[in-house]
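Asks: My file is my_file.cif. It has mmCIF, C-alpha atoms:
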```
data_run
#
loop_
_atom_site.label_atom_id
_atom_site.label_comp_id
_atom_site.auth_asym_id
_atom_site.auth_seq_id
_atom_site.Cartn_x
_atom_site.Cartn_y
_atom_site.Cartn_z
CA MET A 373 121.96 61.43 189.24
CA VAL A 374 124.55 60.36 191.78
CA LEU A 375 126.95 62.95 190.37
CA LEU A 376 124.33 65.68 190.66
CA PHE A 377 123.74 64.65 194.26
CA LEU A 378 127.47 64.85 194.98
CA PHE A 379 127.92 68.15 193.14
CA ALA A 380 125.12 69.74 195.17
CA LEU A 381 126.63 68.26 198.32
CA ILE A 382 130.07 69.72 197.59
CA LEU A 383 129.28 73.02 195.82
CA LYS A 384 126.67 74.23 198.36
CA PRO A 385 124.16 75.97 196.08
CA GLY A 386 120.89 77.32 197.38
CA ASN A 387 117.77 75.18 197.21
CA SER A 388 116.37 76.85 194.10
CA ALA A 389 119.75 76.90 192.33
CA ALA A 390 120.22 73.20 193.05
CA PHE A 391 116.72 72.38 191.81
CA TRP A 392 116.80 74.38 188.58
CA GLY A 393 120.46 73.77 187.79
CA GLY A 394 120.28 70.03 188.23
CA GLY A 395 116.98 69.84 186.39
CA PHE A 396 118.04 71.81 183.35
CA GLY A 397 121.43 70.12 183.26
CA LEU A 398 120.07 66.59 183.12
CA ALA A 399 117.15 67.52 180.84
CA LEU A 400 119.44 69.15 178.29
CA SER A 401 121.86 66.24 178.33
CA TRP A 402 119.07 63.66 177.86
CA ILE A 403 117.39 65.65 175.09
CA GLY A 404 120.73 66.31 173.43
CA LEU A 405 121.73 62.67 173.48
CA SER A 406 118.39 61.44 172.17
CA LEU A 407 118.40 64.04 169.37
CA PHE A 408 122.00 63.22 168.48
CA LEU A 409 121.29 59.50 168.27
CA THR A 410 118.13 60.12 166.24
CA ILE A 411 119.82 62.44 163.76
CA ASP A 412 123.06 60.45 163.57
CA SER A 413 121.44 57.09 162.91
CA GLY A 414 118.67 58.43 160.68
CA SER A 415 116.47 55.53 161.73
CA ASP A 416 112.75 55.42 162.33
CA LEU A 417 113.20 53.90 165.79
CA PRO A 418 111.94 56.93 167.80
CA ASN A 419 108.68 56.98 165.85
CA LYS A 420 108.27 53.22 166.26
CA MET A 421 108.94 53.47 170.01
CA ALA A 422 106.44 56.33 170.25
CA GLN A 423 103.89 54.14 168.49
CA ILE A 424 104.52 51.29 170.96
CA LEU A 425 104.26 53.63 173.98
CA GLY A 426 101.17 55.39 172.65
CA ALA A 427 102.77 58.77 172.00
CA PRO A 428 101.75 60.70 168.86
CA SER A 429 105.29 61.03 167.45
CA GLY A 430 108.97 60.61 168.18
CA THR A 431 109.27 64.31 168.95
CA VAL A 432 106.76 63.98 171.78
CA LEU A 433 108.75 61.03 173.08
CA VAL A 434 111.92 63.18 173.13
CA ALA A 435 110.01 65.91 175.01
CA VAL A 436 108.73 63.40 177.57
CA THR A 437 112.30 62.15 177.97
CA GLY A 438 113.37 65.73 178.69
CA VAL A 439 110.65 66.22 181.30
CA ILE A 440 111.58 62.98 183.06
CA GLY A 441 115.25 63.98 182.94
CA PHE A 442 114.40 67.40 184.39
CA LEU A 443 112.49 65.90 187.30
CA LEU A 444 115.17 63.32 188.09
CA GLY A 445 118.00 65.84 187.88
CA ALA A 446 116.18 68.47 189.90
CA LEU A 447 115.21 66.11 192.69
CA SER A 448 118.66 64.51 192.81
CA SER A 449 120.42 67.84 193.09
CA LEU A 450 117.92 69.17 195.61
CA SER A 451 118.33 66.01 197.69
CA GLY A 452 122.09 66.52 197.79
CA ASN A 453 121.67 70.10 198.92
CA LEU A 454 119.10 69.22 201.57
CA PHE A 455 121.26 66.34 202.81
CA ARG A 456 124.19 68.74 203.26
CA ASN A 457 121.92 71.07 205.24
CA LEU A 458 120.74 68.13 207.34
CA VAL A 459 124.21 66.97 208.41
CA LYS A 460 125.73 70.46 208.67
CA ARG A 461 127.02 71.17 212.17
CA ARG A 462 125.20 74.01 213.83
CA PRO A 463 126.66 76.20 216.56
CA THR A 464 125.34 75.43 220.03
CA ASP A 465 126.73 78.39 221.95
CA ILE A 466 124.61 81.12 220.40
CA TYR A 467 121.68 82.54 222.29
CA ARG A 468 118.66 82.17 220.07
CA GLY A 469 116.16 84.13 222.16
#
```
So, in terms of structure tokens, how does the structure I just supplied come out?
Replies:
Amino acid sequence: MVLLFLFALILKPGNSAAFWGGGFGLALSWIGLSLFLTIDSGSDLPNKMAQILGAPSGTVLVAVTGVIGFLLGALSSLSGNLFRNLVKRRPTDIYRG
């Protein structure tokens, strides 16, 4: 999340590009990692964790992980972009009407 904040700070995307790009980037990486670990290990741990947390199945747990990752990534990237806009120096010698 810190890297997404810094990337948005440095790369200067628009607000919507920062939101959607950071959100989809982190969501895909979290879903990809959880699917890789589930398939690679072949264990029943996701289903057991879903049972403990009250989710219907391990697949739902992976989807919830993706949604949480999307929200965290989107808000981190948007925060970096808005922080850059906040500290950006604005010209003071222009007549604004």
Asks: Ranking A:Leu443, A:Leu454, A:Ile411, A:Ile403 by minimum distance to Pro385 in chain A and counting all atoms listed in the file, which one comes first?
Replies: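 The shortest atom-to-atom distance to Pro385 in chain A comes from A:Leu454.
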Asks: Looking at only C-alpha atoms, which of A:Thr410, A:Asn419, A:Thr464, A:Ser448 is the one that sits closest to Leu433 in chain A?
Replies: A:Asn419
Asks: For Ser451 in chain A, find every residue with an atom within 10 Å (counting all atoms listed in the file), except residues of its own chain fewer than 5 positions away, and show them as a PyMOL selection string.
Replies: chain A and resi 376-378+380-381+387+390-391+445-446+456-457
Asks: Find the distance between CA of Gly397 in chain A and CA of Lys460 in chain A and write it in Å to one decimal.
Replies: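 Computing it gives 25.8 Å between the two atoms.
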Asks: Just give me the gap between CA of Met373 in chain A and CA of Phe442 in chain A in Å, one decimal is fine.
Replies: 10.8 Å
Asks: Find the residue from A:Leu447, A:Val439, A:Leu458, A:Val434 that sits nearest to Leu405 in chain A; use only C-alpha atoms when measuring.
Replies: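 Of A:Leu447, A:Val439, A:Leu458, A:Val434, the one nearest Leu405 in chain A, counting only C-alpha atoms, is A:Val434.
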Asks: Restricting the calculation to only C-alpha atoms, which member of A:Gly438, A:Gly452, A:Pro463, A:Pro418 is positioned closest to Ala389 in chain A?
Replies: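 Answer, going by the shortest atom-to-atom distance: A:Gly452.
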Asks: Please, what distance in Å, to one decimal, runs between CA of Ser401 in chain A and CA of Asp416 in chain A?
Replies: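 For CA of Ser401 in chain A relative to CA of Asp416 in chain A, the distance reads 21.4 Å.
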Asks: Considering all atoms listed in the file, can you say which of A:Thr437, A:Gln423, A:Ser429, A:Ser413 comes closest to Leu398 in chain A?
Replies: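 Of the candidates, the smallest distance to Leu398 in chain A is held by A:Thr437.
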Asks: Nearest to Phe455 in chain A among A:Ile382, A:Ala427, A:Leu417, A:Val436, with distances taken over only C-alpha atoms: which residue is it?
Replies: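 Checking each of A:Ile382, A:Ala427, A:Leu417, A:Val436 against Phe455 in chain A, counting only C-alpha atoms, the winner is A:Ile382.
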